[in-house]
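Colleague: Here it is: the structure, laid out below.
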Amino acid sequence: MMRIDDVRKKAAEILPTTEYVPYADSPTIKSYTDWNAFESAFSSSFNAGVMEGASSADAIPSFSFEVGESRALAHHFSRIPSFFLADSDRIVSFSKEGHTAQHILLCADTDRHVLFEDRAISGSKSLTVDVFVRPGVSLEFGHLVQSSFPHYVYIRVHLGTGSSFSGRLAVIGKNTHVRYRVFLNGESSSFSLSGASISGKSDVVTDAILMGERARATVSYVLLSGRESFLVHRGVLRVERSAKQAYADMDSAFLTTGGFAASVPELEVLTDNVVHVAHRSRDLSLGDEQMFYLRSRGLSMDDAMLLYVYEVIRSRIGSLSEDKAVKEALRAFSESLQL
Amino acid sequence: MIDEYAVRQISEEHGEPEWMLRFRLQALDLYRRLPEPKWLRGLEDLSLEDLILYKSPGIRAGSWEDLPEDIRKIYERLNLPEYEKRYLAGLSAGFDSETVYAKVIDPLREKGVILLPVDDAIREYPDLVRKYFGKVFPPAEHRYAALHYTLWSGGVFIYVPPGMRLDLPIEAFFYISSALEGQFEHTIVVADKGSYIHFIEGCSAPMFREFSFHDGAVEIYVHEGAHVKFTTVQNWSRNIINFNNKRAIVEKNGVIEWVEGSIGAKISVVYPSAILRGENARAIMSVFSIANGQYIKDGGAKIFHMAPNTRSTITSKSISANGGINIYRGLVRILKGAKNAFSHVSCSSLLLDGHSEAATYPHAQIDEHSAVFTHEATTLRFSEDQLFYLRSRGLSEEEAKGLAVLGFIQDILRGLPLEYASVLREVINADFSRGVG
């Protein structure tokens, strides 16, 4: 069992000497997240926020985080008020005024479909989630991230033999850092994530480390960058030597209307025995021919663009697109398209 | 020792003007203050203080005959005098820290084409050199760029006057003659309005027991309507750590066409980059890299779109074999206002066995909604079926691999002059026939 006091103590010890993780792979890029804003947020008083669908605990049976991995994690765990154990298929997490810090353990022992509402609209928030999917089990995971304040999310997923994680992710809001790190430990384990960031300012990282034979990871992510937006999607597909016959594919796309969008789909391949390893990134602007086709079907220019954007999003985030905040963000983005 | 005394000595040796000494000392200050880059692999053991920072052969020849016999024979073995006669409009030869020979054919020189060692060019054309030196690739970029500007020596300055189109290429060849040596040559290519030049850069070194360090720089200025093709075939020996700082600025309707080939070296870190500053400017970057053996090739290309209707393509092909590591690191930055900019990036990695690695880190940063950007990357393997097929045709395993590599980079080789492509094919075949490189 991991006791919360032990985690707090270790994190507090390590915090003074721990730095935010720099973007270490390029002479040109320093960082895609504004860590100064998080440093200010972490100086507020900590609270446990509002949590539904998970019960509070002082000790949990599994814990995979290295609290010294980054300064954000060290801050988060050094004063975290409580652990939570997910016990429902609908989890709702809200921040309260000040800074909310939460850690959730989600164990999927049987096939489940979990919807997770993750909002920081009353104060800043840091959230860590450990997801363990037992061998042979499938977990479908819908994750909605909405932020009006600095919002740090780090989810680690561990997949056993024959298990699968199928995720949909929607991110809307200001100064959001979302990190998925998925470990495909088991043979024939499978991970798929499709998602979208819609305007605002967010840095979304989707890393998958393939270790088991015949492991399979696919990521499809789109950035809709409206005016004044700053959206980033990056992620590593790492195929370890042990991942024989692996399949890994990442598709990153963006549509901008005056905002900034950065796409960094990365590959690290340590074996030649792979079925498929590829990534691509592209902009999704409608071409003249596509627009002509839609208009020849009687659609106005504005309606054609709206239809296109909604379909791009719906195909990636599914039912999350029905959320009120998502609808509002999409409507605002579509308006910027029409100008 | 990398200190002010060493810098002043190098400057004095070249009889440099005061502005160049100040430039060096400012770069030294930057070198001391800038952090060690965290994005590099393999340079942890590099001890710069152990290096010979400046080594002059003490000669600048007007003809091959004027060179000392031992140096001349090296170039003859590399076929350079023959190439110069048959295929080139000009040639410069670098030996350790200095350029020992630089010559452009008479008709071109008479029409205003300049090909001079940089220190000579500073003396003869001070205003022209000062206008471009350190302006395209500034020393503050990172620690090794600052180090280069602190210690630079050798290299060539090339100027092509407006409207002049050179039918034959100009080549610069660099040679490192001993171990524990630092080479910091600086090349400047200026193509004035409407001109064309194909510049070829080659390099070589014999095998030493200890490493040497190459930290060169190439600055290219492509004026309005000009076209520069820059081809590098890097074939350093396996104990050279190769670092190069390469960038072009491209004005309106200008074109930079870059072929960066990396075959040799223990560790190679090179990302040619282009700043598309004028409307309709274009960049065509082709990068290929072979890591055959336990070597690290960290390369790629970077493009900055700063003006409307600018276009760029990056094609990267890497081959890893026998424990080799290839890393593609790229950037496409499309700034707001670069309306209708277009960029396409394509990266392919070929892994020839299960001990080798390939990594791809492409960055796309788009700030302009009318821009079009696409990127694709794939990692391929040389399958047992392919190997079986080739072996059943009588090829050895090494020959089959060499053939696969040549086929893989065929579209890039097509852009090289015939003679160079043919030499390159031989080098690649030889590299794979000896197994671990």
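Numbering starts fresh at 1 for the residues of each chain in the structure tokens, the chains themselves are lettered A, B, ... in the order given, and ligands are numbered from 1 as they appear.
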Just list the residues in stretch 4-252 of chain A DSSP gives alpha helix (DSSP H) on the backbone, as a PyMOL selection string.

Modeller: chain A and resi 4-14+35-42+71-78

Colleague: So that I have them on file, write out the residues from the current selection with N, CA and C atoms, as a PDB file, in the first residue's frame.

Modeller:
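So the final result, stored in part23.pdb, reads:
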```pdb
ATOM      1  N   ILE A   4      -0.425   8.195   1.791  1.00  0.00           N
ATOM      2  CA  ILE A   4      -0.345   9.573   1.301  1.00  0.00           C
ATOM      3  C   ILE A   4       0.734  10.367   2.047  1.00  0.00           C
ATOM      4  N   ASP A   5       0.900  10.085   3.340  1.00  0.00           N
ATOM      5  CA  ASP A   5       1.920  10.821   4.108  1.00  0.00           C
ATOM      6  C   ASP A   5       3.319  10.583   3.549  1.00  0.00           C
ATOM      7  N   ASP A   6       3.558   9.324   3.145  1.00  0.00           N
ATOM      8  CA  ASP A   6       4.883   8.998   2.596  1.00  0.00           C
ATOM      9  C   ASP A   6       5.134   9.740   1.283  1.00  0.00           C
ATOM     10  N   VAL A   7       4.100   9.787   0.463  1.00  0.00           N
ATOM     11  CA  VAL A   7       4.234  10.485  -0.830  1.00  0.00           C
ATOM     12  C   VAL A   7       4.477  11.968  -0.605  1.00  0.00           C
ATOM     13  N   ARG A   8       3.708  12.560   0.293  1.00  0.00           N
ATOM     14  CA  ARG A   8       3.867  14.004   0.585  1.00  0.00           C
ATOM     15  C   ARG A   8       5.285  14.297   1.060  1.00  0.00           C
ATOM     16  N   LYS A   9       5.739  13.447   1.968  1.00  0.00           N
ATOM     17  CA  LYS A   9       7.061  13.666   2.563  1.00  0.00           C
ATOM     18  C   LYS A   9       8.152  13.608   1.492  1.00  0.00           C
ATOM     19  N   LYS A  10       8.086  12.566   0.659  1.00  0.00           N
ATOM     20  CA  LYS A  10       9.106  12.390  -0.375  1.00  0.00           C
ATOM     21  C   LYS A  10       9.082  13.560  -1.359  1.00  0.00           C
ATOM     22  N   ALA A  11       7.862  13.962  -1.752  1.00  0.00           N
ATOM     23  CA  ALA A  11       7.739  15.064  -2.722  1.00  0.00           C
ATOM     24  C   ALA A  11       8.262  16.372  -2.134  1.00  0.00           C
ATOM     25  N   ALA A  12       7.958  16.624  -0.854  1.00  0.00           N
ATOM     26  CA  ALA A  12       8.411  17.872  -0.217  1.00  0.00           C
ATOM     27  C   ALA A  12       9.941  17.901  -0.129  1.00  0.00           C
ATOM     28  N   GLU A  13      10.520  16.741   0.113  1.00  0.00           N
ATOM     29  CA  GLU A  13      11.991  16.675   0.196  1.00  0.00           C
ATOM     30  C   GLU A  13      12.647  16.990  -1.146  1.00  0.00           C
ATOM     31  N   ILE A  14      12.038  16.475  -2.187  1.00  0.00           N
ATOM     32  CA  ILE A  14      12.656  16.548  -3.515  1.00  0.00           C
ATOM     33  C   ILE A  14      12.339  17.867  -4.241  1.00  0.00           C
ATOM     34  N   TRP A  35       5.269  27.351 -17.692  1.00  0.00           N
ATOM     35  CA  TRP A  35       5.393  26.819 -16.332  1.00  0.00           C
ATOM     36  C   TRP A  35       5.370  27.922 -15.282  1.00  0.00           C
ATOM     37  N   ASN A  36       5.644  29.169 -15.685  1.00  0.00           N
ATOM     38  CA  ASN A  36       5.577  30.265 -14.708  1.00  0.00           C
ATOM     39  C   ASN A  36       4.173  30.396 -14.126  1.00  0.00           C
ATOM     40  N   ALA A  37       3.172  30.217 -15.001  1.00  0.00           N
ATOM     41  CA  ALA A  37       1.776  30.313 -14.541  1.00  0.00           C
ATOM     42  C   ALA A  37       1.484  29.211 -13.534  1.00  0.00           C
ATOM     43  N   PHE A  38       2.055  28.022 -13.758  1.00  0.00           N
ATOM     44  CA  PHE A  38       1.843  26.919 -12.818  1.00  0.00           C
ATOM     45  C   PHE A  38       2.566  27.172 -11.496  1.00  0.00           C
ATOM     46  N   GLU A  39       3.748  27.766 -11.593  1.00  0.00           N
ATOM     47  CA  GLU A  39       4.492  28.060 -10.365  1.00  0.00           C
ATOM     48  C   GLU A  39       3.655  28.976  -9.462  1.00  0.00           C
ATOM     49  N   SER A  40       3.008  29.978 -10.068  1.00  0.00           N
ATOM     50  CA  SER A  40       2.128  30.867  -9.288  1.00  0.00           C
ATOM     51  C   SER A  40       0.957  30.080  -8.719  1.00  0.00           C
ATOM     52  N   ALA A  41       0.360  29.216  -9.555  1.00  0.00           N
ATOM     53  CA  ALA A  41      -0.801  28.445  -9.096  1.00  0.00           C
ATOM     54  C   ALA A  41      -0.443  27.568  -7.897  1.00  0.00           C
ATOM     55  N   PHE A  42       0.735  26.964  -7.939  1.00  0.00           N
ATOM     56  CA  PHE A  42       1.142  26.060  -6.858  1.00  0.00           C
ATOM     57  C   PHE A  42       1.439  26.802  -5.551  1.00  0.00           C
ATOM     58  N   ARG A  71       8.985  19.211 -11.658  1.00  0.00           N
ATOM     59  CA  ARG A  71       8.649  20.109 -10.559  1.00  0.00           C
ATOM     60  C   ARG A  71       7.128  20.180 -10.339  1.00  0.00           C
ATOM     61  N   ALA A  72       6.381  20.083 -11.442  1.00  0.00           N
ATOM     62  CA  ALA A  72       4.915  20.131 -11.322  1.00  0.00           C
ATOM     63  C   ALA A  72       4.423  18.959 -10.464  1.00  0.00           C
ATOM     64  N   LEU A  73       4.977  17.770 -10.720  1.00  0.00           N
ATOM     65  CA  LEU A  73       4.560  16.604  -9.930  1.00  0.00           C
ATOM     66  C   LEU A  73       4.986  16.736  -8.469  1.00  0.00           C
ATOM     67  N   ALA A  74       6.199  17.238  -8.256  1.00  0.00           N
ATOM     68  CA  ALA A  74       6.687  17.393  -6.879  1.00  0.00           C
ATOM     69  C   ALA A  74       5.792  18.361  -6.108  1.00  0.00           C
ATOM     70  N   HIS A  75       5.437  19.491  -6.749  1.00  0.00           N
ATOM     71  CA  HIS A  75       4.497  20.440  -6.114  1.00  0.00           C
ATOM     72  C   HIS A  75       3.181  19.735  -5.779  1.00  0.00           C
ATOM     73  N   HIS A  76       2.670  19.058  -6.794  1.00  0.00           N
ATOM     74  CA  HIS A  76       1.351  18.424  -6.689  1.00  0.00           C
ATOM     75  C   HIS A  76       1.298  17.441  -5.517  1.00  0.00           C
ATOM     76  N   PHE A  77       2.290  16.563  -5.450  1.00  0.00           N
ATOM     77  CA  PHE A  77       2.243  15.522  -4.410  1.00  0.00           C
ATOM     78  C   PHE A  77       2.705  16.029  -3.040  1.00  0.00           C
ATOM     79  N   SER A  78       3.440  17.140  -3.019  1.00  0.00           N
ATOM     80  CA  SER A  78       3.967  17.581  -1.725  1.00  0.00           C
ATOM     81  C   SER A  78       2.853  18.041  -0.769  1.00  0.00           C
TER      82      SER A  78
END
```

Colleague: At a cut-off of 8 Å, using only C-alpha atoms, what residues contact B:Asp3? Leave out same-chain residues fewer than 3 positions from it and give the result as a PyMOL selection string.

Modeller: chain B and resi 6-7+28

Colleague: My list of candidates is B:Ile290, B:Val190, B:Ala140, B:Leu180. Which is closest to chain A when distances are computed with only C-alpha atoms?

Modeller: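 Nearest candidate to chain A out of B:Ile290, B:Val190, B:Ala140, B:Leu180: B:Ala140.
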
Colleague: Among stretch 16-187 of chain A, which ones does DSSP place in strand (DSSP E), written as a ChimeraX atom specification?

Modeller: /A:46-47,50-52,54-57,59-60,83-86,90-94,99-108,112-120,124-133,138-147,151-159,164-184

Colleague: At a cut-off of 7 Å, using only C-alpha atoms, what residues contact stretch 250-262 of chain A? Leave out same-chain residues fewer than 6 positions from it and give the result as an MDAnalysis selection string.

Modeller: (chainID A and resid 218:233 278:285 336:337) or (chainID B and resid 363:369)

Colleague: Could you check which of A:Gly142, A:Met1, A:Val21, A:Gly212 is closest to chain B, using only C-alpha atoms?

Modeller: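 Nearest to chain B: A:Val21.
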